[in-house]
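What follows is coords.csv (CSV, C-alpha atoms).
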chain,number,residue,atom,x,y,z
R,1,MET,CA,94.6,94.3,75.6
R,2,ILE,CA,97.5,95.4,77.7
R,3,PRO,CA,100.7,95.9,75.6
R,4,THR,CA,103.7,93.9,76.9
R,5,GLY,CA,105.6,97.2,77.2
R,6,GLY,CA,103.2,98.4,79.8
R,7,THR,CA,102.0,102.0,80.2
R,8,ALA,CA,104.0,104.9,78.7
R,9,VAL,CA,104.2,107.7,81.2
R,10,THR,CA,104.7,111.4,80.6
R,11,TYR,CA,104.8,112.8,84.1
R,12,PRO,CA,108.6,112.5,84.3
R,13,VAL,CA,108.8,115.4,81.8
R,14,GLY,CA,106.2,117.4,83.8
R,15,ALA,CA,103.1,116.6,81.8
R,16,THR,CA,99.8,117.1,83.6
R,17,ALA,CA,97.5,116.2,80.7
R,18,SER,CA,97.5,113.4,78.1
R,19,GLN,CA,95.3,112.0,75.4
R,20,SER,CA,95.0,108.3,75.7
R,21,THR,CA,93.2,105.1,74.8
R,22,VAL,CA,91.8,102.5,77.1
R,23,VAL,CA,93.6,99.2,76.8
R,24,HIS,CA,92.1,97.3,79.8
R,25,VAL,CA,89.4,97.6,82.4
R,26,ALA,CA,89.5,95.4,85.6
R,27,ASP,CA,87.4,95.0,88.7
R,28,ALA,CA,89.3,96.7,91.6
R,29,GLY,CA,86.8,95.7,94.3
R,30,ASP,CA,84.6,97.9,96.5
R,31,GLY,CA,82.7,99.0,93.5
R,32,ARG,CA,85.7,100.5,91.8
R,33,ARG,CA,87.2,99.8,88.4
R,34,ALA,CA,90.9,99.9,87.4
R,35,VAL,CA,91.3,101.7,84.0
R,36,VAL,CA,94.6,101.0,82.2
R,37,LEU,CA,95.6,103.4,79.3
R,38,ASP,CA,98.2,103.1,76.7
R,39,GLN,CA,99.8,106.3,78.0
R,40,THR,CA,99.1,108.7,80.9
R,41,ALA,CA,100.3,111.8,82.7
R,42,PHE,CA,99.1,110.3,86.0
R,43,HIS,CA,101.8,109.5,88.6
R,44,PRO,CA,100.8,106.3,90.6
R,45,VAL,CA,101.9,105.4,94.1
R,46,ASP,CA,104.6,102.7,93.9
R,47,THR,CA,103.9,99.6,96.0
R,48,ALA,CA,107.6,98.8,96.9
R,49,TRP,CA,108.5,102.4,98.0
R,50,PRO,CA,105.3,104.4,98.4
R,51,ASP,CA,107.0,107.7,99.2
R,52,GLN,CA,105.1,110.0,96.8
R,53,PRO,CA,101.3,109.8,96.8
R,54,ALA,CA,99.3,109.4,93.6
R,55,ASP,CA,98.3,112.4,91.6
R,56,ARG,CA,94.8,113.7,91.7
R,57,GLY,CA,92.7,114.4,88.7
R,58,THR,CA,90.1,113.1,86.2
R,59,LEU,CA,89.5,110.9,83.2
R,60,SER,CA,87.2,112.3,80.6
R,61,ILE,CA,85.4,109.6,78.6
R,62,ALA,CA,82.6,110.3,76.1
R,63,GLY,CA,81.8,113.6,77.8
R,64,ALA,CA,81.8,112.2,81.3
R,65,ASP,CA,84.4,113.3,83.9
R,66,LEU,CA,85.4,110.5,86.2
R,67,ALA,CA,87.4,111.4,89.4
R,68,VAL,CA,90.5,109.2,89.8
R,69,VAL,CA,90.2,108.1,93.5
R,70,ASP,CA,93.6,106.5,93.4
R,71,ALA,CA,96.3,105.5,91.0
R,72,VAL,CA,98.4,102.4,91.7
R,73,VAL,CA,100.9,100.2,89.9
R,74,GLY,CA,99.3,97.1,88.2
R,75,ALA,CA,101.3,94.1,87.0
R,76,LEU,CA,100.9,90.9,85.0
R,77,PRO,CA,103.4,88.2,84.1
R,78,VAL,CA,104.4,88.6,80.4
R,79,ASP,CA,103.3,85.0,79.8
R,80,ALA,CA,99.9,85.5,81.5
R,81,SER,CA,96.9,83.9,79.9
R,82,PRO,CA,93.8,86.0,78.9
R,83,ASP,CA,92.1,84.7,82.0
R,84,ASP,CA,94.8,85.9,84.5
R,85,ARG,CA,93.7,88.9,86.6
R,86,LEU,CA,95.6,92.1,86.7
R,87,LEU,CA,97.4,92.5,90.1
R,88,LEU,CA,96.8,95.9,91.7
R,89,GLY,CA,98.8,97.9,94.3
R,90,LYS,CA,99.7,95.7,97.3
R,91,GLU,CA,98.9,92.6,95.4
R,92,VAL,CA,102.0,93.2,93.2
R,93,VAL,CA,104.7,91.0,94.7
R,94,VAL,CA,107.6,92.1,92.5
R,95,ARG,CA,109.4,95.4,92.2
R,96,THR,CA,108.5,97.6,89.2
R,97,GLY,CA,110.8,96.7,86.4
R,98,THR,CA,111.3,93.0,87.3
R,99,GLU,CA,112.0,91.0,84.2
R,100,GLY,CA,109.2,88.8,82.9
R,101,TRP,CA,106.5,91.2,84.1
R,102,THR,CA,104.4,93.9,82.5
R,103,PHE,CA,103.7,97.1,84.6
R,104,VAL,CA,100.9,99.6,84.1
R,105,VAL,CA,99.3,102.6,85.7
R,106,ALA,CA,95.9,101.6,87.0
R,107,HIS,CA,93.5,104.5,87.5
R,108,LEU,CA,90.9,103.6,90.0
R,109,VAL,CA,87.4,105.1,89.4
R,110,ASP,CA,84.0,104.8,91.1
R,111,GLY,CA,80.6,104.8,89.3
R,112,GLU,CA,79.0,102.9,86.5
R,113,THR,CA,79.9,105.0,83.5
R,114,PRO,CA,80.5,102.6,80.6
R,115,ILE,CA,84.2,102.2,79.9
R,116,ALA,CA,85.5,99.8,77.2
R,117,GLU,CA,88.8,99.0,75.5
R,118,GLY,CA,89.4,101.4,72.6
R,119,ASP,CA,87.7,104.4,74.3
R,120,ALA,CA,89.5,107.7,73.9
R,121,VAL,CA,90.3,109.4,77.2
R,122,ASP,CA,91.5,112.9,78.2
R,123,VAL,CA,93.7,112.7,81.3
R,124,THR,CA,93.8,115.8,83.5
R,125,VAL,CA,96.0,116.0,86.5
R,126,ASP,CA,95.5,118.5,89.4
R,127,GLY,CA,98.5,120.8,88.6
R,128,ALA,CA,98.5,122.6,91.9
R,129,TYR,CA,98.7,119.4,93.9
R,130,ARG,CA,101.4,118.0,91.6
R,131,ALA,CA,103.4,121.2,92.0
R,132,ALA,CA,103.3,120.9,95.8
R,133,LEU,CA,104.4,117.3,95.7
R,134,SER,CA,107.1,118.0,93.3
R,135,ALA,CA,108.5,120.8,95.5
R,136,GLY,CA,108.4,118.5,98.5
R,137,HIS,CA,110.1,115.6,96.6
R,138,THR,CA,113.0,117.8,95.3
R,139,ALA,CA,113.4,119.3,98.8
R,140,CYS,CA,113.4,115.8,100.3
R,141,HIS,CA,116.3,114.7,98.0
R,142,LEU,CA,118.3,117.9,98.8
R,143,ALA,CA,117.7,117.5,102.5
R,144,SER,CA,118.9,113.9,102.5
R,145,LEU,CA,122.2,114.9,100.7
R,146,ALA,CA,122.6,117.8,103.1
R,147,LEU,CA,122.1,115.5,106.1
R,148,ASP,CA,124.7,113.1,104.7
R,149,ALA,CA,127.2,116.0,104.5
R,150,ALA,CA,126.3,117.3,108.0
R,151,LEU,CA,127.0,113.8,109.5
R,152,ALA,CA,130.1,113.1,107.5
R,153,GLY,CA,132.3,113.4,110.6
R,154,ALA,CA,130.2,110.9,112.6
R,155,TRP,CA,131.7,107.9,110.9
R,156,ARG,CA,134.6,105.9,112.5
R,157,LYS,CA,134.9,103.5,109.5
R,158,ASP,CA,134.7,103.9,105.7
R,159,ALA,CA,131.1,103.8,104.6
R,160,PRO,CA,129.4,103.7,101.1
R,161,SER,CA,129.2,107.2,99.6
R,162,ASP,CA,126.2,109.1,98.3
R,163,THR,CA,126.1,110.8,94.9
R,164,LEU,CA,128.2,113.7,96.2
R,165,GLY,CA,130.8,111.7,98.0
R,166,SER,CA,129.6,111.9,101.6
R,167,PRO,CA,129.0,108.8,103.7
R,168,ALA,CA,125.5,107.7,102.8
R,169,PHE,CA,123.7,108.0,106.1
R,170,ASP,CA,120.3,108.5,104.4
R,171,ALA,CA,120.6,105.3,102.3
R,172,LEU,CA,121.9,103.2,105.2
R,173,ALA,CA,119.5,104.3,107.9
R,174,ILE,CA,116.3,105.2,106.0
R,175,GLN,CA,113.2,103.2,107.1
R,176,GLU,CA,110.3,105.3,105.6
R,177,SER,CA,109.9,108.4,103.4
R,178,HIS,CA,106.7,110.3,102.9
R,179,ILE,CA,106.4,113.1,100.4
R,180,VAL,CA,103.7,115.6,101.4
R,181,ALA,CA,102.6,118.9,99.8
R,182,ASP,CA,105.7,121.2,100.0
R,183,GLY,CA,107.6,118.9,102.2
R,184,ALA,CA,108.6,115.4,103.4
R,185,VAL,CA,108.9,113.3,106.5
R,186,ASP,CA,111.8,110.8,106.6
R,187,VAL,CA,112.3,108.2,109.3
R,188,TYR,CA,115.7,106.8,110.2
R,189,ARG,CA,116.8,104.0,112.5
R,190,ILE,CA,120.1,104.0,114.2
R,191,GLY,CA,120.7,100.5,115.7
R,192,LYS,CA,123.4,98.0,116.1
R,193,SER,CA,123.8,97.5,112.4
R,194,LEU,CA,124.5,101.1,111.7
R,195,ARG,CA,126.9,101.3,114.7
R,196,ARG,CA,128.8,98.3,113.4
R,197,LYS,CA,129.2,100.1,110.1
R,198,GLY,CA,131.0,102.9,112.1
R,199,PHE,CA,128.3,105.5,112.8
R,200,ASP,CA,128.6,107.3,116.1
R,201,PRO,CA,125.1,108.1,117.6
R,202,GLU,CA,126.7,110.9,119.6
R,203,ALA,CA,126.5,112.9,116.4
R,204,LEU,CA,122.8,113.3,117.2
R,205,ALA,CA,123.2,114.7,120.6
R,206,ASP,CA,122.4,118.3,119.5
R,207,LEU,CA,119.6,118.1,117.0
R,208,ASP,CA,119.2,121.9,116.7
R,209,ALA,CA,122.8,122.3,115.7
R,210,LEU,CA,122.4,119.5,113.2
R,211,ALA,CA,119.4,121.2,111.7
R,212,ALA,CA,121.3,124.4,111.5
R,213,ARG,CA,124.1,122.7,109.5
R,214,VAL,CA,121.6,121.1,107.1
R,215,ASP,CA,119.7,124.4,106.7
R,216,ALA,CA,122.9,126.3,105.9
R,217,GLN,CA,123.8,123.7,103.2
R,218,LEU,CA,120.3,123.8,101.7
R,219,ALA,CA,120.4,127.6,101.6
R,220,LYS,CA,123.7,127.5,99.6
R,221,TRP,CA,122.3,125.0,97.1
R,222,LEU,CA,119.1,126.9,96.6
R,223,ALA,CA,120.9,130.2,96.1
R,224,ALA,CA,122.8,128.6,93.2
R,225,GLY,CA,119.4,127.9,91.4
R,226,GLY,CA,120.6,124.8,89.6
R,227,ALA,CA,118.5,123.0,87.0
R,228,VAL,CA,116.6,119.8,87.9
R,229,ARG,CA,115.6,117.0,85.4
R,230,ILE,CA,114.7,113.4,85.2
R,231,GLU,CA,117.0,111.1,83.2
R,232,ARG,CA,115.0,108.3,81.6
R,233,GLU,CA,116.0,105.0,80.0
R,234,GLY,CA,112.6,104.9,78.2
R,235,ASP,CA,109.0,106.1,78.3
R,236,ALA,CA,107.5,103.0,80.0
R,237,LEU,CA,106.5,103.0,83.7
R,238,ALA,CA,109.0,100.2,84.3
R,239,ASP,CA,112.0,102.0,82.8
R,240,ARG,CA,114.6,103.3,85.2
R,241,ARG,CA,114.6,107.0,86.0
R,242,ARG,CA,117.0,109.2,87.9
R,243,TRP,CA,116.6,112.6,89.6
R,244,VAL,CA,119.4,114.9,88.5
R,245,CYS,CA,120.1,118.3,90.1
R,246,ASP,CA,122.9,120.6,89.1
R,247,LEU,CA,124.7,121.7,92.3
R,248,PRO,CA,127.8,123.9,92.7
R,249,GLY,CA,130.7,121.7,91.5
R,250,ALA,CA,128.7,118.5,90.8
R,251,ALA,CA,125.5,117.1,89.5
R,252,ALA,CA,123.6,114.9,92.0
R,253,ARG,CA,121.9,111.8,90.7
R,254,ILE,CA,119.5,109.7,92.7
R,255,PRO,CA,117.3,106.8,91.4
R,256,CYS,CA,113.7,108.1,91.6
R,257,GLY,CA,110.3,107.5,90.1
R,258,GLY,CA,108.6,110.6,91.4
R,259,THR,CA,108.0,114.1,90.1
R,260,HIS,CA,110.1,117.2,90.7
R,261,VAL,CA,110.5,120.9,90.1
R,262,ALA,CA,112.4,121.9,86.9
R,263,SER,CA,114.8,124.3,88.7
R,264,LEU,CA,115.9,125.1,92.2
R,265,GLN,CA,114.9,128.7,91.4
R,266,GLU,CA,111.3,127.5,92.0
R,267,LEU,CA,112.1,127.1,95.7
R,268,SER,CA,112.8,130.1,97.8
R,269,ALA,CA,113.7,128.1,101.0
R,270,ALA,CA,114.0,124.6,102.4
R,271,THR,CA,114.5,123.9,106.1
R,272,VAL,CA,114.5,120.8,108.3
R,273,SER,CA,113.7,119.9,111.9
R,274,PHE,CA,114.5,116.8,113.8
R,275,ALA,CA,112.9,114.7,116.5
R,276,ALA,CA,114.5,111.6,118.1
R,277,SER,CA,113.1,108.9,120.3
R,278,THR,CA,114.5,105.7,121.9
R,279,VAL,CA,113.1,102.5,120.4
R,280,GLU,CA,114.0,98.9,120.9
R,281,GLY,CA,117.6,98.4,119.9
R,282,GLY,CA,118.4,101.9,119.0
R,283,ILE,CA,117.2,105.4,118.1
R,284,GLU,CA,114.5,106.6,115.7
R,285,LEU,CA,115.3,109.9,114.1
R,286,VAL,CA,112.6,111.8,112.2
R,287,MET,CA,113.5,114.6,109.8
R,288,THR,CA,110.7,116.9,108.7
R,289,THR,CA,111.5,118.9,105.6
R,290,THR,CA,109.6,122.1,104.7
R,291,ALA,CA,109.9,123.7,101.2
R,292,THR,CA,108.7,127.2,100.4
R,293,ARG,CA,108.0,127.8,96.7
R,294,ALA,CA,109.1,131.0,95.1
R,295,GLU,CA,106.3,133.3,93.8
R,296,ALA,CA,105.8,133.3,90.1
R,297,PRO,CA,107.3,136.4,88.4

Structure re-expressed in structure tokens:
Amino acid sequence: MIPTGGTAVTYPVGATASQSTVVHVADAGDGRRAVVLDQTAFHPVDTAWPDQPADRGTLSIAGADLAVVDAVVGALPVDASPDDRLLLGKEVVVRTGTEGWTFVVAHLVDGETPIAEGDAVDVTVDGAYRAALSAGHTACHLASLALDAALAGAWRKDAPSDTLGSPAFDALAIQESHIVADGAVDVYRIGKSLRRKGFDPEALADLDALAARVDAQLAKWLAAGGAVRIEREGDALADRRRWVCDLPGAAARIPCGGTHVASLQELSAATVSFAASTVEGGIELVMTTTATRAEAP
């Protein structure tokens, strides 16, 4: 039976393995089952903002290793009856953390291996893939802040600020964000709404120069080698979490449910490139961030 507190998650502290107990098994369609555990090291893809892909790995149950083909957020109303079906992935119509709902990590598996409530499970996450995504996600946040700083002079009106005090171009213009192994791709839209807020699109006339300014800021931050951590309000999947990074003169804080490196010393470089195209009503700007991980000593 799914506890009302939902799944406890250990990936925010960097865990890539956990010993767990099955609390629910549901039909996920296409011959797959959704396995819900009391706790897990598995990071699922979030339905509302699916920037970071799900972890890869296995569930070991009674000596059988089951590949997790996907991990998604599952949800049920707190007052659901025993007959109500667990909503999975895109079926979830509310944001994770919405009051009156229980949120869980649903591990999707193929095959007919017997799985029942109460079974003991060893969760194993692909550490190499996790590390690559974590590097990409940290670099993504740093690049967004460096972009905000590089475009600070492009505003003709006061605008909301980011965590470091620059006008929040990233937050105001972002349309999509995709974390990939050792990098990220962010898509921004510059249309009438952003121009009315005071942003001057002429700031994007020289994208190579913009990239150079962002890269210079990233190099300074990485050279400082600050610590990175996740601040948590609790251990449940639905509890709020923030990415915190110690930068020269300030600590950056951004709400985030993903995974990250533990220190900027783990990254030897981070660079960006830009591409812009004209779309209906404005400009689409794509920033591609590339992170290079430092070699282990």

With distances taken over only C-alpha atoms, the candidate from R:Gly57, R:Gly282, R:Pro50, R:Gly226 nearest Val125 of chain R is R:Gly57

Can you tell me, as a PDB file with C-alpha atoms, in the frame of the given file, what residues are no more than 6 Å from segment 185-193 of chain R when counting only C-alpha atoms, ignoring any on the same chain fewer than 2 positions away?
ATOM      1  CA  ALA R 173     119.500 104.300 107.900  1.00  0.00           C
ATOM      2  CA  ILE R 174     116.300 105.200 106.000  1.00  0.00           C
ATOM      3  CA  GLN R 175     113.200 103.200 107.100  1.00  0.00           C
ATOM      4  CA  GLU R 176     110.300 105.300 105.600  1.00  0.00           C
ATOM      5  CA  SER R 177     109.900 108.400 103.400  1.00  0.00           C
ATOM      6  CA  HIS R 178     106.700 110.300 102.900  1.00  0.00           C
ATOM      7  CA  ARG R 195     126.900 101.300 114.700  1.00  0.00           C
ATOM      8  CA  ARG R 196     128.800  98.300 113.400  1.00  0.00           C
ATOM      9  CA  GLY R 281     117.600  98.400 119.900  1.00  0.00           C
ATOM     10  CA  GLY R 282     118.400 101.900 119.000  1.00  0.00           C
ATOM     11  CA  ILE R 283     117.200 105.400 118.100  1.00  0.00           C
ATOM     12  CA  GLU R 284     114.500 106.600 115.700  1.00  0.00           C
ATOM     13  CA  LEU R 285     115.300 109.900 114.100  1.00  0.00           C
ATOM     14  CA  VAL R 286     112.600 111.800 112.200  1.00  0.00           C
ATOM     15  CA  MET R 287     113.500 114.600 109.800  1.00  0.00           C
ATOM     16  CA  THR R 288     110.700 116.900 108.700  1.00  0.00           C
TER      17      THR R 288
END

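Here the question is which of R:Gly127, R:Pro3, R:Asp122, R:Ser18 gets nearest to Asp79 of chain R using all atoms listed in the file, and that residue is R:Pro3.
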
For this session: Identify the residues around (81.1, 113.8, 84.5) within a radius of 12 Å, measuring from only C-alpha atoms in the coordinates stated by the file, and give them as an MDAnalysis selection string.
Result: chainID R and resid 58:68 109:114

Can you pull out the residues contacting segment 253-259 of chain R? Cut-off 6 Å, using only C-alpha atoms, and skip same-chain residues under 6 positions away; I want them as a PyMOL selection string. chain R and resi 134+241-244

Residues of the last selection are to be written out with C-alpha atoms, as a PDB file, keeping the file's coordinate frame.
ATOM      1  CA  SER R 134     107.100 118.000  93.300  1.00  0.00           C
ATOM      2  CA  ARG R 241     114.600 107.000  86.000  1.00  0.00           C
ATOM      3  CA  ARG R 242     117.000 109.200  87.900  1.00  0.00           C
ATOM      4  CA  TRP R 243     116.600 112.600  89.600  1.00  0.00           C
ATOM      5  CA  VAL R 244     119.400 114.900  88.500  1.00  0.00           C
TER       6      VAL R 244
END

re atom CA of Ala276 of chain R and atom CA of Ala146 of chain R: distance 18.1 Å
